[in-house]
Amino acid sequence: MAKLDLTGRMLFLCTDPERIAQQLDGADLSAAAAGTLRDDVSTDEITPMSVLTRFDERLGRVPYLGFRTGGKNPIGIDAIRNGGFCVTVAGNRYGKGSSREHSPLAEYRAGIRLVIAKSFERIYRQNADNLGLFTSTDFGLIERIRRGEPIDVEELVASRDSLAAAILRSGGLLRYGARNMREIRVANRAAAADADADADTNNKPRTLAQKILERHALSTQGTDASLAPGSGAFVRADWRFIHEYYTGMATHMLHATFGKPLTLREPDTILAFEDHLSYSHRSELHVRNGLLPDVRELSAAHRQFAHDYAIANHGYLSEIDSRFTEGSEGISHAMMAERYALPGQLIVGTDSHTPHSGALGCLAFGVGTTDMANAFVTGAVRMTVPESLRVNFNGRLAPGVTAKDLVLHLLAEPKIRAGAGVGKVFEFAGEALAELTTDARTTLTNMTAELGGFSGIVAPDAETVRFLKQRRNIDFVIEAWMRSDAGAPYADVIDIDCARITPMLAAPGDPGNGMALSDLAERPHVDIAYGGSCTAGKREDFDHYHEVLAWAAARGLRVPPDVKLYLQFGTSDVRDYCVERGYIEAFEQVGAILLQPSCGACANCGPGSSTEASQVTISAINRNFSGRSGPGQVWLASPPTVAASALSGKIASFAELQHEYL
């Protein structure tokens with residue numbers, strides 16, 4: 001029986017920075033001596049944005065570089081490799097946030113072979129599996145490892161689904177795929193589902209997510225297409241997309257495993273996006289750290305892949321329109337909703353916010369680099385079959401309350417804070433949901449990443465049909481099966497009384513730090529206000545920005561000199577919409593700084609990021625983990641609150657701003 005030899009040292013990621021320093025200096029602590037473990041260690045902390053231009057051996061120098069505790073970042077370059085660590089121990093929801101596979105890869109290349117945590121986020125754990133990095137929630141292993149006992153691989157995989165176990169035994173997904181994925185078939189259940197649109201052969205009620213999975217299930221040599229919750233499975237995707245942070249890594253993996261050139265499965269259903277780094281030349285982080293040559297290297301690798309394999313690439317504006325010198329055509333998942341996604345489809349992308357498109361009634365979810373690389377050559381996407389969690393937004397929204405306020409309220413729900421949504425499909429429904437536009441619904445499905453979910457979905461309805469006709473001139477007909485059945489199984493149902501929700505905030509450090517804006521007694525001065533990103537760079541978001549800023553312009557108000565307000569379009573279609581509606585004049589009249597489409601400040605990749613720890617930002621982006629958008633403190637809020645706060649110079653709702661000028 002294969003054993004994992006863990007003779008290196010053990011690193012406890014605890015809340016006391018002094019105890020972290022002791023371990024780095026050579027002290028081997030017991031679990032008791034290490035004290036309280038840090039919860040919610042995000043991938044932004046494991047591999048911060050400043051190191052993501054690397055995808056080779058250099059990643060082994062940088063794991064935990066962004067790890068923050070007690071107001072300090074105690075782990076420096078080469079600390080893990082030089083310290084001889086092979087096991088990491090942490091608290092709940094380890095690896096939350098971005099889908100970046102750089103995080104487990106950096107750990108692995110630094111010598112870490114096992115991560116023990118109380119719980120893991122889905123994408124992080126799947127990425128770790130795919131690389132051959134073991135994970136466990138068994139804290140009984142700690143003392144055994146400290147005694148020098150080798151651990152049986154079979155023990156480590158015993159609690160995992162059969163596919164995850166097989167992948168780990170093989171040393172990772174690509175090795176597993178080379179051995180077990182030569183024959184891939186469409187599962188019979190997909191044909192049966194198409195033959196009977198309203199119910200399966202057993203007449204069991206199903207959720208919309210289950211029905212979509214049935215129509216996309218695959219059988220391989222190592223899997224039987226079981227769709228029981230918790231089982232490992234492979235599915236086909238209608239669309240697969242990748243962006244420039246991952247393309248070079250995926251290409252490197254594929255060529256190393258399969259040689260060059262590759263044969264890609266259905267390349268016309270693969271899309272490439274350059275959306276993250278098109279403002280890196282104006283990013284203090286990238287310029288100060290000398291990262292621009294690495295950025296150009298990432299872009300070159302991305303474009304070479306798209307060229308070599310005839311992949312459609314949505315790239316820099318300067319490459320397609322001589323009027324522009326900055327920005328991208330659009331953010332990947334925002335463009336997927338605008339131009340590609342359709343109800344009933346299954347979509348995967350190398351970004352945790354891929355669920356954005358679920359607002360149209362498709363099942364969209366994020367995957368890591370190895371998953372996407374494998375999907376490129378096999379057409380099969382690995383997943384663990386999720387349960388669904390239904391969220392009913394009951395009642396009507398109060399004036400001034402947006403979809404962003406709904407999701408910030410949901411993030412603060414005790415059940416969600418306790419991890420009830422981790423790995424689940426969030427199915428959004430209810431009276432208030434029915435009144436939301438598709439743009440607003442994408443805010444909810446997009447931020448299922450922050451909720452810890454597998455995906456988010458909204459059953460298609462008349463609003464979906466309207467959206468597809470208006471945006472794409474598609475006359476879409478909703479099929480009878482495109483809904484959840486009465487009595488469908490849910491892991492839980494959460495009912496939200498929308499009439500009680502007021503404008504919300506999330507305090508710095510975590511999107512789950514939700515609170516009613518009215519409960520914030522001391523209003524911090526705002527240095528930066530940022531409206532943009534996939535979550536808040538859509539047409540309806542700019543309707544909200546314009547409502548506030550046009551009101552201000554009519555009264556001669558401007559953004560104070562010590563505040564900077566950035567508005568960044570999510571896609572070029574959104575920019576053109578704002579031009580056609582005459583919004584630009586009001587934006588410029590109040591002193592807003594307009595930016596072309598890009599992920600920008602949301603990923604610390606452009607203007608709008610903080611540059612000093614003392615700065616306070618009010619932002620409409622989706623996550624505010626430490627260091628995510630610069631060293632300062634980031635408050636999350638809705639688009640109207642961001643615009644109103646910029647004008648007020650301190651955190652304020654639009655209603656409060658209006659009251660100031662009665």
# chains A, B, ... in the order shown; residues from 1 in each chain; ligands from 1
$ residues_around --residues "region 263-266 of chain A" --least-positions-apart "5" --cutoff "10 Å" --atoms "only C-alpha atoms" --output "list in words"
Asp238, Trp239, Arg240, Phe258, Tyr309, Ala373, Asn374, Ala375, Phe376, Val377, Thr378, Gly379 and Ala380 of chain A
$ closest_atom_pairs --of "region 430-533 of chain A" --to "region 644-656 of chain A" --cutoff "6 Å" --atoms "only C-alpha atoms" --output "CSV"
residue,atom,partner,partner_atom,distance
A:Arg523,CA,A:Ile651,CA,5.6
A:Pro524,CA,A:Lys650,CA,5.6
A:His525,CA,A:Lys650,CA,4.3
A:Val526,CA,A:Lys650,CA,4.9
A:Ala529,CA,A:Ala646,CA,5.6
$ residues_around --residues "region 125-133 of chain A" --least-positions-apart "2" --cutoff "7 Å" --atoms "only C-alpha atoms" --output "list in words"
Glu101, Pro104, Tyr108, Arg113, Leu114, Phe120, Glu121, Arg122, Ile123, Thr135, Ala164, Ile167, Leu168, Gly171, Gly172, Leu173, Gly368 and Thr370 of chain A
$ write_last_selection --atoms "C-alpha atoms" --output "PDB file, in the first residue's frame"
ATOM      1  CA  GLU A 101      -4.592  27.100  -9.234  1.00  0.00           C
ATOM      2  CA  PRO A 104      -1.989  24.821  -4.425  1.00  0.00           C
ATOM      3  CA  TYR A 108       3.275  21.922  -3.817  1.00  0.00           C
ATOM      4  CA  ARG A 113       2.360  17.586   0.340  1.00  0.00           C
ATOM      5  CA  LEU A 114      -0.625  17.698   2.703  1.00  0.00           C
ATOM      6  CA  PHE A 120     -12.069  23.516   2.287  1.00  0.00           C
ATOM      7  CA  GLU A 121     -13.565  25.583  -0.493  1.00  0.00           C
ATOM      8  CA  ARG A 122     -14.606  23.515  -3.500  1.00  0.00           C
ATOM      9  CA  ILE A 123     -12.361  24.927  -6.240  1.00  0.00           C
ATOM     10  CA  THR A 135      -5.977  17.532   1.665  1.00  0.00           C
ATOM     11  CA  ALA A 164     -11.169  12.288  -6.462  1.00  0.00           C
ATOM     12  CA  ILE A 167      -7.119  11.151  -9.382  1.00  0.00           C
ATOM     13  CA  LEU A 168      -5.018  11.415  -6.220  1.00  0.00           C
ATOM     14  CA  GLY A 171      -0.753  11.725  -9.046  1.00  0.00           C
ATOM     15  CA  GLY A 172      -3.098  14.279 -10.593  1.00  0.00           C
ATOM     16  CA  LEU A 173      -5.816  14.788 -13.202  1.00  0.00           C
ATOM     17  CA  GLY A 368      -8.912  25.485 -12.219  1.00  0.00           C
ATOM     18  CA  THR A 370      -5.674  21.618 -14.842  1.00  0.00           C
TER      19      THR A 370
END
$ select_by_dssp --residues "region 283-457 of chain A" --states "strand (DSSP E or B)" --output "ChimeraX atom specification"
/A:312-314,316,328,330,346-349,363-366,380-384,388-394,425-429,455-457
$ write_last_selection --atoms "C-alpha atoms" --output "short mmCIF file (atom, residue, chain, number, x, y, z; two decimals), in the first residue's frame"
data_model
loop_
_atom_site.label_atom_id
_atom_site.label_comp_id
_atom_site.auth_asym_id
_atom_site.auth_seq_id
_atom_site.Cartn_x
_atom_site.Cartn_y
_atom_site.Cartn_z
CA ALA A 312 -11.66 32.93 -30.67
CA ASN A 313 -9.92 35.57 -28.53
CA HIS A 314 -11.59 38.64 -27.05
CA TYR A 316 -7.24 44.29 -25.95
CA SER A 328 -10.15 45.07 -23.08
CA GLY A 330 -14.78 42.98 -21.94
CA LEU A 346 -23.48 24.15 -19.16
CA ILE A 347 -20.57 26.61 -19.10
CA VAL A 348 -17.16 26.40 -17.43
CA GLY A 349 -14.45 29.02 -17.12
CA LEU A 363 -25.39 25.99 -15.10
CA ALA A 364 -22.08 27.86 -15.09
CA PHE A 365 -19.17 27.18 -12.75
CA GLY A 366 -15.50 27.92 -12.29
CA ALA A 380 -14.84 16.33 -20.35
CA VAL A 381 -15.11 18.59 -17.31
CA ARG A 382 -14.52 17.14 -13.86
CA MET A 383 -16.93 18.01 -11.09
CA THR A 384 -18.33 16.80 -7.78
CA SER A 388 -28.99 22.67 -4.51
CA LEU A 389 -29.89 25.29 -1.92
CA ARG A 390 -32.95 27.43 -2.64
CA VAL A 391 -33.06 31.09 -1.67
CA ASN A 392 -36.48 32.72 -1.81
CA PHE A 393 -36.37 36.51 -1.96
CA ASN A 394 -39.86 37.21 -0.65
CA VAL A 425 -25.95 25.38 -6.36
CA PHE A 426 -27.79 28.50 -5.18
CA GLU A 427 -31.19 28.53 -6.86
CA PHE A 428 -32.63 32.02 -6.56
CA ALA A 429 -36.39 32.50 -6.65
CA SER A 455 -22.89 27.96 -8.89
CA GLY A 456 -25.96 30.15 -8.93
CA ILE A 457 -28.99 29.77 -11.15
#
$ residues_around --residues "Val287 (chain A)" --least-positions-apart "4" --cutoff "12 Å" --atoms "only C-alpha atoms" --output "list in words"
Ser50, Tyr279, Ser280, His281, Arg282, Ser283, Leu291, Leu292, Pro293, Asp294, Val295, Asn604, Cys605, Gly606, Pro607 and Thr611 of chain A
$ closest_residue --among "A:Leu408, A:Leu254, A:Leu208, A:Ile528" --to "Ala459 (chain A)" --atoms "only C-alpha atoms"
A:Leu208
$ closest_residue --among "A:Met336, A:Met515, A:Ile474, A:Ala620" --to "Met447 (chain A)" --atoms "only C-alpha atoms"
A:Ala620
$ residues_around --residues "Pro63 (chain A)" --least-positions-apart "4" --cutoff "9 Å" --atoms "only C-alpha atoms" --output "MDAnalysis selection string"
chainID A and resid 45:48 59 67 75:81 103:107 109:110
$ residues_around --residues "His356 (chain A)" --least-positions-apart "4" --cutoff "12 Å" --atoms "only C-alpha atoms" --output "count of residues only"
46
$ residues_around --residues "region 21-32 of chain A" --least-positions-apart "4" --cutoff "10 Å" --atoms "only C-alpha atoms" --output "PDB file with N, CA and C atoms, in the first residue's frame"
ATOM      1  N   ARG A   9       8.566  19.397   8.093  1.00  0.00           N
ATOM      2  CA  ARG A   9       7.982  20.095   9.236  1.00  0.00           C
ATOM      3  C   ARG A   9       6.523  20.462   8.981  1.00  0.00           C
ATOM      4  N   MET A  10       5.840  20.834  10.055  1.00  0.00           N
ATOM      5  CA  MET A  10       4.428  21.178  10.011  1.00  0.00           C
ATOM      6  C   MET A  10       4.259  22.655  10.331  1.00  0.00           C
ATOM      7  N   LEU A  11       3.507  23.365   9.482  1.00  0.00           N
ATOM      8  CA  LEU A  11       3.261  24.795   9.664  1.00  0.00           C
ATOM      9  C   LEU A  11       1.810  25.017  10.076  1.00  0.00           C
ATOM     10  N   PHE A  12       1.619  25.605  11.250  1.00  0.00           N
ATOM     11  CA  PHE A  12       0.281  25.971  11.709  1.00  0.00           C
ATOM     12  C   PHE A  12       0.018  27.428  11.336  1.00  0.00           C
ATOM     13  N   LEU A  13      -0.988  27.648  10.464  1.00  0.00           N
ATOM     14  CA  LEU A  13      -1.373  29.013  10.115  1.00  0.00           C
ATOM     15  C   LEU A  13      -2.325  29.509  11.192  1.00  0.00           C
ATOM     16  N   CYS A  14      -1.752  30.082  12.233  1.00  0.00           N
ATOM     17  CA  CYS A  14      -2.516  30.477  13.416  1.00  0.00           C
ATOM     18  C   CYS A  14      -2.754  31.981  13.424  1.00  0.00           C
ATOM     19  N   ASP A  16      -1.837  34.114  15.725  1.00  0.00           N
ATOM     20  CA  ASP A  16      -0.793  34.868  16.417  1.00  0.00           C
ATOM     21  C   ASP A  16       0.428  35.001  15.507  1.00  0.00           C
ATOM     22  N   PRO A  17       0.736  36.208  15.011  1.00  0.00           N
ATOM     23  CA  PRO A  17       1.879  36.363  14.096  1.00  0.00           C
ATOM     24  C   PRO A  17       3.208  36.007  14.752  1.00  0.00           C
ATOM     25  N   THR A  36      -5.059  29.244  18.333  1.00  0.00           N
ATOM     26  CA  THR A  36      -6.193  29.350  17.423  1.00  0.00           C
ATOM     27  C   THR A  36      -5.723  29.438  15.979  1.00  0.00           C
ATOM     28  N   LEU A  37      -6.347  28.642  15.128  1.00  0.00           N
ATOM     29  CA  LEU A  37      -6.005  28.637  13.710  1.00  0.00           C
ATOM     30  C   LEU A  37      -6.792  29.703  12.967  1.00  0.00           C
ATOM     31  N   PRO A  74       3.441  37.852   8.075  1.00  0.00           N
ATOM     32  CA  PRO A  74       4.666  37.322   8.664  1.00  0.00           C
ATOM     33  C   PRO A  74       5.481  36.380   7.780  1.00  0.00           C
ATOM     34  N   ILE A  75       4.953  35.973   6.621  1.00  0.00           N
ATOM     35  CA  ILE A  75       5.628  34.964   5.811  1.00  0.00           C
ATOM     36  C   ILE A  75       6.225  35.608   4.565  1.00  0.00           C
ATOM     37  N   GLY A  76       7.522  35.474   4.407  1.00  0.00           N
ATOM     38  CA  GLY A  76       8.213  36.104   3.296  1.00  0.00           C
ATOM     39  C   GLY A  76       8.578  35.132   2.193  1.00  0.00           C
ATOM     40  N   ALA A  79      10.273  31.429   2.502  1.00  0.00           N
ATOM     41  CA  ALA A  79      10.169  31.003   3.904  1.00  0.00           C
ATOM     42  C   ALA A  79       9.704  29.556   4.032  1.00  0.00           C
ATOM     43  N   ILE A  80       8.785  29.130   3.187  1.00  0.00           N
ATOM     44  CA  ILE A  80       8.237  27.776   3.313  1.00  0.00           C
ATOM     45  C   ILE A  80       9.233  26.747   2.802  1.00  0.00           C
ATOM     46  N   ASN A  82      12.517  27.115   2.431  1.00  0.00           N
ATOM     47  CA  ASN A  82      13.723  27.099   3.276  1.00  0.00           C
ATOM     48  C   ASN A  82      13.443  26.521   4.661  1.00  0.00           C
ATOM     49  N   GLY A  83      12.188  26.614   5.101  1.00  0.00           N
ATOM     50  CA  GLY A  83      11.839  26.092   6.418  1.00  0.00           C
ATOM     51  C   GLY A  83      11.628  24.591   6.442  1.00  0.00           C
ATOM     52  N   GLY A  84      11.615  23.953   5.280  1.00  0.00           N
ATOM     53  CA  GLY A  84      11.458  22.505   5.227  1.00  0.00           C
ATOM     54  C   GLY A  84      10.073  22.012   5.590  1.00  0.00           C
ATOM     55  N   PHE A  85       9.055  22.824   5.357  1.00  0.00           N
ATOM     56  CA  PHE A  85       7.688  22.437   5.708  1.00  0.00           C
ATOM     57  C   PHE A  85       7.112  21.505   4.645  1.00  0.00           C
ATOM     58  N   VAL A  89      -1.428  23.415   8.296  1.00  0.00           N
ATOM     59  CA  VAL A  89      -2.645  23.214   9.087  1.00  0.00           C
ATOM     60  C   VAL A  89      -3.354  24.560   9.244  1.00  0.00           C
ATOM     61  N   PHE A 139      -7.941  15.958  11.898  1.00  0.00           N
ATOM     62  CA  PHE A 139      -6.918  16.557  12.750  1.00  0.00           C
ATOM     63  C   PHE A 139      -6.203  15.507  13.609  1.00  0.00           C
ATOM     64  N   ILE A 142      -2.395  14.897  12.884  1.00  0.00           N
ATOM     65  CA  ILE A 142      -1.321  15.807  13.282  1.00  0.00           C
ATOM     66  C   ILE A 142      -0.314  15.122  14.196  1.00  0.00           C
ATOM     67  N   GLU A 143      -0.777  14.493  15.269  1.00  0.00           N
ATOM     68  CA  GLU A 143       0.154  13.866  16.206  1.00  0.00           C
ATOM     69  C   GLU A 143       0.847  12.660  15.587  1.00  0.00           C
ATOM     70  N   ARG A 146       3.589  14.034  13.523  1.00  0.00           N
ATOM     71  CA  ARG A 146       4.653  14.558  14.388  1.00  0.00           C
ATOM     72  C   ARG A 146       5.511  13.427  14.961  1.00  0.00           C
TER      73      ARG A 146
END
$ closest_residue --among "A:Val186, A:Ala2, A:Ala586, A:Ala272" --to "Ser170 (chain A)" --atoms "only C-alpha atoms"
A:Ala2
$ atom_distance --atom1 "CA of Ala643 (chain A)" --atom2 "CA of Leu549 (chain A)"
6.9 Å
